[in-house]
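Participant: Just input.txt, nothing more (compact mmCIF, C-alpha atoms):
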# COMPACT_ATOMS: atom_id res chain seq x y z
CA PHE A 1 -11.03 -30.62 3.74
CA LEU A 2 -14.24 -28.93 2.55
CA GLU A 3 -12.70 -28.10 -0.84
CA LYS A 4 -11.61 -31.71 -1.32
CA ALA A 5 -15.03 -33.00 -0.28
CA ALA A 6 -16.74 -30.64 -2.74
CA GLU A 7 -14.48 -31.82 -5.58
CA GLU A 8 -15.25 -35.47 -4.80
CA LEU A 9 -18.99 -34.73 -4.75
CA VAL A 10 -18.86 -32.96 -8.12
CA GLU A 11 -16.81 -35.80 -9.62
CA GLU A 12 -19.26 -38.40 -8.33
CA ARG A 13 -22.27 -36.55 -9.78
CA TRP A 14 -20.43 -36.01 -13.05
CA LYS A 15 -19.89 -39.77 -13.36
CA LYS A 16 -23.62 -40.38 -12.88
CA VAL A 17 -24.49 -37.86 -15.60
CA ILE A 18 -22.04 -39.50 -18.02
CA ALA A 19 -23.42 -42.94 -17.19
CA ARG A 20 -26.92 -41.80 -18.15
CA ALA A 21 -26.05 -39.74 -21.23
CA GLY A 22 -23.01 -41.56 -22.60
CA GLU A 23 -19.41 -40.58 -23.29
CA GLY A 24 -20.51 -38.40 -26.21
CA LEU A 25 -21.84 -35.90 -23.70
CA ARG A 26 -18.43 -35.54 -22.04
CA GLU A 27 -16.84 -34.78 -25.42
CA ARG A 28 -19.54 -32.23 -26.27
CA LEU A 29 -19.33 -30.45 -22.93
CA ASP A 30 -15.53 -30.44 -23.01
CA GLU A 31 -15.82 -28.75 -26.42
CA VAL A 32 -18.29 -26.21 -25.03
CA PHE A 33 -16.08 -25.34 -22.08
CA VAL A 34 -13.03 -24.93 -24.29
CA ARG A 35 -14.99 -22.79 -26.77
CA TYR A 36 -16.55 -20.47 -24.20
CA PHE A 37 -14.12 -20.53 -21.30
CA GLY A 38 -10.78 -21.29 -22.94
CA ASP A 39 -10.01 -17.61 -23.65
CA PHE A 40 -11.75 -16.37 -20.51
CA GLU A 41 -9.74 -13.21 -19.94
CA GLU A 42 -10.11 -12.11 -23.55
CA GLU A 43 -13.75 -12.99 -24.19
CA ARG A 44 -15.32 -11.91 -20.91
CA VAL A 45 -15.17 -8.19 -21.75
CA LYS A 46 -16.95 -8.34 -25.11
CA VAL A 47 -20.32 -6.71 -25.48
CA ARG A 48 -21.80 -6.75 -28.98
CA PRO A 49 -24.74 -4.50 -29.90
CA SER A 50 -27.61 -6.55 -31.37
CA GLY A 51 -30.34 -4.27 -32.63
CA LYS A 52 -31.12 -0.81 -31.30
CA ASN A 53 -31.94 -1.68 -27.69
CA SER A 54 -30.27 -5.02 -27.01
CA PHE A 55 -26.80 -6.48 -26.72
CA VAL A 56 -25.14 -9.88 -26.57
CA ALA A 57 -22.97 -10.86 -23.63
CA TYR A 58 -21.22 -14.01 -22.55
CA PRO A 59 -22.77 -15.55 -19.43
CA TYR A 60 -19.65 -15.04 -17.33
CA HIS A 61 -19.54 -11.35 -18.27
CA VAL A 62 -19.20 -9.59 -14.92
CA THR A 63 -21.86 -6.89 -14.71
CA VAL A 64 -19.52 -4.08 -13.69
CA GLN A 65 -17.72 -4.59 -16.99
CA ALA A 66 -20.97 -4.72 -18.95
CA GLU A 67 -22.16 -1.42 -17.50
CA SER A 68 -18.78 0.24 -18.12
CA GLN A 69 -19.02 -0.65 -21.81
CA LEU A 70 -22.70 0.18 -22.25
CA ALA A 71 -22.39 3.66 -20.68
CA PRO A 72 -20.28 5.17 -23.53
CA LEU A 73 -22.95 3.91 -25.95
CA GLY A 74 -25.64 5.72 -23.93
CA TYR A 75 -27.26 2.61 -22.42
CA THR A 76 -27.56 0.77 -19.13
CA LEU A 77 -28.81 -2.62 -17.99
CA GLY A 78 -30.16 -1.08 -14.80
CA HIS A 79 -30.06 -4.41 -12.97
CA TYR A 80 -28.57 -4.10 -9.49
CA PRO A 81 -28.88 -7.15 -7.25
CA GLN A 82 -27.00 -6.90 -3.94
CA SER A 83 -24.27 -9.11 -5.44
CA TRP A 84 -23.87 -6.70 -8.37
CA GLU A 85 -20.07 -6.32 -8.17
CA LEU A 86 -19.52 -10.09 -8.23
CA SER A 87 -22.45 -11.55 -10.16
CA THR A 88 -22.60 -12.41 -13.86
CA ILE A 89 -25.26 -11.98 -16.52
CA GLY A 90 -25.62 -15.71 -17.05
CA GLY A 91 -26.01 -16.12 -13.29
CA TRP A 92 -28.87 -13.61 -13.30
CA VAL A 93 -30.75 -15.64 -15.90
CA ALA A 94 -30.01 -18.96 -14.21
CA SER A 95 -31.23 -17.66 -10.84
CA ARG A 96 -34.11 -15.47 -12.13
CA SER A 97 -32.55 -12.45 -10.48
CA SER A 98 -34.28 -9.34 -9.18
CA GLY A 99 -32.46 -6.00 -8.88
CA GLN A 100 -32.84 -3.11 -6.46
CA GLN A 101 -34.23 -0.88 -9.23
CA SER A 102 -36.56 -3.45 -10.80
CA MET A 103 -39.46 -1.04 -10.37
CA ARG A 104 -38.07 0.90 -13.33
CA TYR A 105 -35.96 -1.54 -15.33
CA GLY A 106 -37.81 -4.77 -14.60
CA ARG A 107 -36.55 -8.10 -13.30
CA ILE A 108 -34.16 -10.20 -15.37
CA GLU A 109 -37.05 -11.94 -17.15
CA GLN A 110 -38.00 -8.60 -18.72
CA MET A 111 -34.38 -8.11 -19.89
CA PHE A 112 -33.63 -11.64 -21.12
CA ALA A 113 -34.40 -11.45 -24.83
CA GLY A 114 -32.82 -14.71 -25.97
CA GLY A 115 -29.53 -16.53 -26.14
CA ARG A 116 -27.81 -19.87 -26.54
CA ILE A 117 -28.16 -22.91 -24.27
CA GLU A 118 -25.99 -26.03 -24.47
CA THR A 119 -28.34 -28.90 -23.59
CA LEU A 120 -27.81 -32.67 -23.37
CA GLN A 121 -29.36 -33.00 -26.85
CA GLY A 122 -27.36 -30.20 -28.48
CA ALA A 123 -27.19 -26.42 -28.70
CA LEU A 124 -30.45 -24.48 -28.52
CA ASP A 125 -30.58 -20.95 -29.92
CA ILE A 126 -33.42 -18.85 -28.55
CA PRO A 127 -34.07 -15.96 -30.98
CA THR A 128 -35.27 -12.58 -29.86
CA PHE A 129 -38.88 -11.82 -30.67
CA PRO A 130 -41.54 -9.38 -29.44
CA ALA A 131 -44.26 -10.31 -26.98
CA SER A 132 -46.64 -12.92 -28.36
CA SER A 133 -49.82 -14.65 -27.26
CA ALA A 134 -49.05 -17.72 -29.38
CA GLY A 135 -47.95 -20.62 -27.20
CA PRO A 136 -45.37 -20.88 -24.41
CA ASP A 137 -42.27 -18.69 -24.20
CA LEU A 138 -39.08 -20.79 -24.49
CA ARG A 139 -37.17 -18.33 -22.35
CA GLU A 140 -39.36 -19.24 -19.38
CA PHE A 141 -38.11 -22.84 -19.55
CA PHE A 142 -34.57 -21.72 -18.68
CA LEU A 143 -35.09 -18.76 -16.35
CA GLY A 144 -34.33 -19.79 -12.79
CA THR A 145 -33.32 -23.36 -13.67
CA GLU A 146 -29.83 -23.00 -12.11
CA GLY A 147 -28.24 -25.02 -14.92
CA ARG A 148 -30.57 -28.01 -14.69
CA MET A 149 -31.84 -27.62 -18.27
CA GLY A 150 -28.46 -26.80 -19.82
CA ILE A 151 -25.46 -24.48 -19.73
CA ILE A 152 -26.17 -20.88 -20.68
CA THR A 153 -23.40 -19.82 -23.05
CA GLU A 154 -24.75 -16.59 -24.51
CA VAL A 155 -27.30 -14.03 -23.35
CA LYS A 156 -29.10 -11.37 -25.37
CA ALA A 157 -30.43 -8.69 -23.06
CA ARG A 158 -32.60 -5.62 -23.51
CA VAL A 159 -30.99 -2.39 -22.38
CA THR A 160 -32.37 1.06 -21.57
CA PRO A 161 -31.09 4.52 -22.54
CA LEU A 162 -29.20 6.25 -19.73
CA PRO A 163 -31.56 8.44 -17.69
CA GLU A 164 -31.38 12.22 -17.65
CA HIS A 165 -31.59 12.25 -13.87
CA GLU A 166 -31.34 9.85 -10.95
CA SER A 167 -31.48 10.57 -7.22
CA PHE A 168 -32.27 8.82 -3.94
CA HIS A 169 -34.18 10.21 -0.98
CA VAL A 170 -34.80 9.25 2.64
CA LEU A 171 -37.86 9.77 4.84
CA PHE A 172 -38.64 8.58 8.36
CA PHE A 173 -41.96 7.32 9.70
CA PRO A 174 -42.97 7.22 13.39
CA ASN A 175 -43.27 3.42 13.36
CA TRP A 176 -43.43 0.35 11.13
CA GLU A 177 -47.21 0.41 10.75
CA ALA A 178 -47.19 4.01 9.47
CA GLY A 179 -44.37 3.23 7.03
CA LEU A 180 -46.13 0.12 5.75
CA ALA A 181 -49.37 2.02 5.16
CA ALA A 182 -47.51 4.72 3.22
CA VAL A 183 -45.64 2.19 1.06
CA ARG A 184 -48.89 0.36 0.32
CA GLU A 185 -50.53 3.59 -0.86
CA ILE A 186 -47.50 4.51 -2.98
CA VAL A 187 -47.55 1.09 -4.68
CA GLN A 188 -51.30 1.15 -5.22
CA ASN A 189 -50.98 4.57 -6.87
CA LYS A 190 -48.28 3.16 -9.17
CA MET A 191 -45.81 5.95 -8.47
CA GLN A 192 -42.98 6.19 -10.99
CA LEU A 193 -40.20 5.26 -8.58
CA SER A 194 -37.16 3.19 -9.49
CA MET A 195 -36.75 1.66 -6.04
CA MET A 196 -38.28 1.57 -2.55
CA ARG A 197 -36.92 0.14 0.68
CA LEU A 198 -38.68 0.27 4.03
CA SER A 199 -36.24 -0.62 6.83
CA ASN A 200 -37.46 -2.04 10.12
CA ARG A 201 -36.37 -0.49 13.41
CA ILE A 202 -33.18 -2.58 13.74
CA GLU A 203 -32.05 -1.89 10.19
CA THR A 204 -32.86 1.81 10.64
CA ILE A 205 -30.55 1.97 13.68
CA THR A 206 -27.84 0.13 11.75
CA GLN A 207 -28.12 2.42 8.72
CA LEU A 208 -27.81 5.51 10.87
CA LYS A 209 -24.74 4.08 12.61
CA LEU A 210 -23.12 3.29 9.26
CA ALA A 211 -23.88 6.78 7.95
CA GLY A 212 -21.09 8.16 10.18
CA GLY A 213 -20.82 11.66 11.57
CA GLU A 214 -22.05 11.07 15.12
CA ARG A 215 -22.72 14.75 15.80
CA VAL A 216 -24.76 15.17 12.61
CA ILE A 217 -26.74 11.98 13.29
CA ALA A 218 -27.41 13.11 16.88
CA LEU A 219 -28.82 16.40 15.58
CA LEU A 220 -30.93 14.48 13.05
CA GLU A 221 -32.28 12.23 15.82
CA GLN A 222 -33.32 15.30 17.84
CA PHE A 223 -35.01 16.87 14.81
CA LEU A 224 -36.91 13.67 13.99
CA ALA A 225 -38.03 13.25 17.60
CA LEU A 226 -39.47 16.78 17.60
CA ARG A 227 -41.39 15.88 14.41
CA GLY A 228 -42.87 12.72 15.91
CA ALA A 229 -40.36 10.12 14.67
CA GLY A 230 -38.82 8.95 17.95
CA ASP A 231 -37.39 5.66 19.17
CA ASP A 232 -39.71 3.49 17.06
CA LYS A 233 -38.95 5.31 13.81
CA VAL A 234 -38.29 3.44 10.56
CA MET A 235 -36.39 4.64 7.51
CA PHE A 236 -37.86 4.74 4.03
CA THR A 237 -35.48 5.04 1.06
CA PHE A 238 -36.74 5.62 -2.46
CA GLY A 239 -35.20 6.41 -5.81
CA VAL A 240 -36.36 8.29 -8.89
CA THR A 241 -34.92 7.75 -12.37
CA GLY A 242 -35.84 9.33 -15.69
CA SER A 243 -36.35 12.84 -17.05
CA ILE A 244 -35.94 15.79 -14.70
CA GLY A 245 -39.64 16.65 -14.88
CA GLN A 246 -40.69 13.06 -14.29
CA CYS A 247 -38.41 12.75 -11.25
CA LYS A 248 -39.52 16.04 -9.69
CA SER A 249 -43.14 15.01 -9.99
CA ALA A 250 -42.49 11.55 -8.50
CA VAL A 251 -40.58 13.00 -5.52
CA SER A 252 -43.29 15.59 -4.85
CA LEU A 253 -46.14 13.06 -4.97
CA THR A 254 -44.24 10.51 -2.85
CA ARG A 255 -43.54 13.10 -0.17
CA LYS A 256 -47.18 14.19 -0.25
CA ILE A 257 -48.41 10.62 0.38
CA SER A 258 -45.74 10.06 3.03
CA LYS A 259 -46.68 13.21 4.89
CA ARG A 260 -50.22 11.92 5.34
CA HIS A 261 -48.73 8.98 7.24
CA GLY A 262 -46.41 11.05 9.44
CA GLY A 263 -43.38 10.91 7.14
CA VAL A 264 -40.54 13.33 7.89
CA GLY A 265 -37.91 14.32 5.34
CA ALA A 266 -34.23 13.96 6.30
CA GLY A 267 -32.51 16.15 3.73
CA PRO A 268 -30.28 15.04 0.85
CA VAL A 269 -27.28 13.57 2.73
CA LEU A 270 -28.59 10.08 3.53
CA GLY A 271 -30.04 9.70 0.04
CA LYS A 272 -26.67 10.53 -1.54
CA LYS A 273 -24.94 7.99 0.73
CA TRP A 274 -27.31 5.31 -0.55
For this file, write the structure as structure tokens.
Facilitator:
Amino acid sequence: FLEKAAEELVEERWKKVIARAGEGLRERLDEVFVRYFGDFEEERVKVRPSGKNSFVAYPYHVTVQAESQLAPLGYTLGHYPQSWELSTIGGWVASRSSGQQSMRYGRIEQMFAGGRIETLQGALDIPTFPASSAGPDLREFFLGTEGRMGIITEVKARVTPLPEHESFHVLFFPNWEAGLAAVREIVQNKMQLSMMRLSNRIETITQLKLAGGERVIALLEQFLALRGAGDDKVMFTFGVTGSIGQCKSAVSLTRKISKRHGGVGAGPVLGKKW
């Protein structure tokens, strides 16, 4: 019933669009869909290098496939929204996506270098160009528009060389207030972390339950309680990405700041599970 209702709603809205724009629009969009989606299974896996640090991808290119093809070339997108396994590159641009490691790689607006948009008035090619102070940036007109301004049919994205090292670490704070104060200081000091996540008490309990190994978790709970992180404790997860020296320094400084706020290290196991 819901599927049928959705189809009827789409059809009704499509008729209204055609009524406003004319039958020529239907022919143009039919051509676009055939051109870009007709050979879906074949085209979706193509990634074409475009310059030293960018590549071209079709908007329906599933990100797992993009990463698997960039890795042998020594590059990564580094964009990991929670829907990473299912989302597409065009969807990121259309929704102005933010990834879990945006502290290092940037949000999608930093990666979106240009592309092709099929609008009601025709195709619009947005060339790649460096940062400029001259006038508005055309890319900003389409980021986050969810298809309202046109259909995104090609995306040029900036990529980053694969890092030498990447690791994730977990600390616990006695309570939310202590964790928040530590995170604020870390951000204000502009630590070179790739991600940070401060879990509230409920999420901390859930994460520990999901970690498995009841006996190990029970021993960890006892250890944390002895160090001052008891029933109100919250979990802080952070990641470091880059050169080995850079990562060691970032971990050391982050732990130093955290310790001033009662942070307690939990060893490498929980970080590896993340």
Participant: Tell me which protein, DNA and RNA residues are within 10 Å of Lys259 in chain A, counting only C-alpha atoms, leaving out same-chain ones fewer than 5 positions away, and put them as a list in words.
Facilitator: Leu171, Phe172, Phe173, Ala182, Leu253, Thr254, Val264 and Gly265 of chain A
Participant: Would you output that residue set with C-alpha atoms, as a CSV table (one decimal), in the coordinates of the input?
Facilitator:
chain,number,residue,atom,x,y,z
A,171,LEU,CA,-37.9,9.8,4.8
A,172,PHE,CA,-38.6,8.6,8.4
A,173,PHE,CA,-42.0,7.3,9.7
A,182,ALA,CA,-47.5,4.7,3.2
A,253,LEU,CA,-46.1,13.1,-5.0
A,254,THR,CA,-44.2,10.5,-2.8
A,264,VAL,CA,-40.5,13.3,7.9
A,265,GLY,CA,-37.9,14.3,5.3
Participant: Smallest atom-to-atom distance to Glu118 in chain A: which of A:Ala134, A:Trp92, A:Gln207, A:Thr153, using only C-alpha atoms?
Facilitator: A:Thr153
Participant: Do you know which residues are at most 12 Å from Gly262 in chain A counting all atoms listed in the file, after dropping those on the same chain fewer than 3 positions away, and could you put them as a list in words?
Facilitator: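 My list of contacting residues is Leu171, Phe172, Phe173, Pro174, Asn175, Trp176, Glu177, Ala178, Gly179, Leu180, Ala181, Ala182, Leu224, Ala225, Arg227, Gly228, Ala229, Gly230, Lys233, Val234, Phe236, Arg255, Lys256, Ile257, Ser258, Lys259 and Gly265 of chain A.
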Participant: For the residues selected in the previous step, produce a file with C-alpha atoms as a short mmCIF file (atom, residue, chain, number, x, y, z; two decimals), in the frame of the given file.
Facilitator:
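Saved result, selection_19.cif, follows:
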data_model
loop_
_atom_site.label_atom_id
_atom_site.label_comp_id
_atom_site.auth_asym_id
_atom_site.auth_seq_id
_atom_site.Cartn_x
_atom_site.Cartn_y
_atom_site.Cartn_z
CA LEU A 171 -37.86 9.77 4.84
CA PHE A 172 -38.64 8.58 8.36
CA PHE A 173 -41.96 7.32 9.70
CA PRO A 174 -42.97 7.22 13.39
CA ASN A 175 -43.27 3.42 13.36
CA TRP A 176 -43.43 0.35 11.13
CA GLU A 177 -47.21 0.41 10.75
CA ALA A 178 -47.19 4.01 9.47
CA GLY A 179 -44.37 3.23 7.03
CA LEU A 180 -46.13 0.12 5.75
CA ALA A 181 -49.37 2.02 5.16
CA ALA A 182 -47.51 4.72 3.22
CA LEU A 224 -36.91 13.67 13.99
CA ALA A 225 -38.03 13.25 17.60
CA ARG A 227 -41.39 15.88 14.41
CA GLY A 228 -42.87 12.72 15.91
CA ALA A 229 -40.36 10.12 14.67
CA GLY A 230 -38.82 8.95 17.95
CA LYS A 233 -38.95 5.31 13.81
CA VAL A 234 -38.29 3.44 10.56
CA PHE A 236 -37.86 4.74 4.03
CA ARG A 255 -43.54 13.10 -0.17
CA LYS A 256 -47.18 14.19 -0.25
CA ILE A 257 -48.41 10.62 0.38
CA SER A 258 -45.74 10.06 3.03
CA LYS A 259 -46.68 13.21 4.89
CA GLY A 265 -37.91 14.32 5.34
#
Participant: Using Å and a single decimal, report how far CA of His165 in chain A sits from CA of Ala113 in chain A.
Facilitator: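 Value for the CA of Ala113 in chain A-CA of His165 in chain A distance: 26.3 Å.
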Participant: Determine, counting only C-alpha atoms, every residue of protein, DNA or RNA that lies within 12 Å of (-23.8, -9.8, -3.7) in the file coordinates, then give the result as a ChimeraX atom specification.
Facilitator: /A:63,80-88,91-92,97-100
Participant: So, counting all atoms listed in the file, which residue among A:Thr160, A:Thr119, A:Ile152, A:Gly144 is closest to Ala71 in chain A?
Facilitator: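 Answer, going by the shortest atom-to-atom distance: A:Thr160.
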Participant: For the atom pair CA of Ser249 in chain A and CA of Ile205 in chain A, what is the interatomic distance in Å to one decimal place?
Facilitator: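 Computing it gives 29.8 Å between the two atoms.
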Participant: Once you count only C-alpha atoms, which residues end up no further than 6 Å from (-35.6, -13.1, -27.5) in the file's frame, shown as a ChimeraX atom specification?
Facilitator: /A:113-114,127-129
Participant: Just to confirm, what's the straight-line distance from CA of Pro136 in chain A to CA of Val187 in chain A in Å (one decimal)?
Facilitator: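 Computing the Euclidean distance for CA of Pro136 in chain A and CA of Val187 in chain A yields 29.6 Å.
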Participant: In terms of the shortest atom-to-atom distance over only C-alpha atoms, which of A:Lys273, A:Arg139, A:Arg104, A:Arg184 is closest to Pro163 in chain A?
Facilitator: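 Closest to Pro163 in chain A of all the choices is A:Arg104.
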Participant: Of the residues A:Val62, A:Ile126, A:Gly106, A:Asn53, which is the one nearest to Ala157 in chain A, using all atoms listed in the file?
Facilitator: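 Ranking A:Val62, A:Ile126, A:Gly106, A:Asn53 by distance to Ala157 in chain A, first place goes to A:Asn53.
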Participant: Can you pull out the residues contacting Val155 in chain A? Cut-off 8 Å, using all atoms listed in the file, and skip same-chain residues under 5 positions away; I want them as a list in words.
Facilitator: Val56, Ala57, Tyr58, Pro59, Ile89, Gly90, Phe112, Ala113, Gly114, Gly115 and Arg116 of chain A
Participant: Pick the closest to Ile151 in chain A from A:Val216, A:Val240, A:Val93, A:Leu210: which is it, counting all atoms listed in the file?
Facilitator: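 Nearest to Ile151 in chain A: A:Val93.
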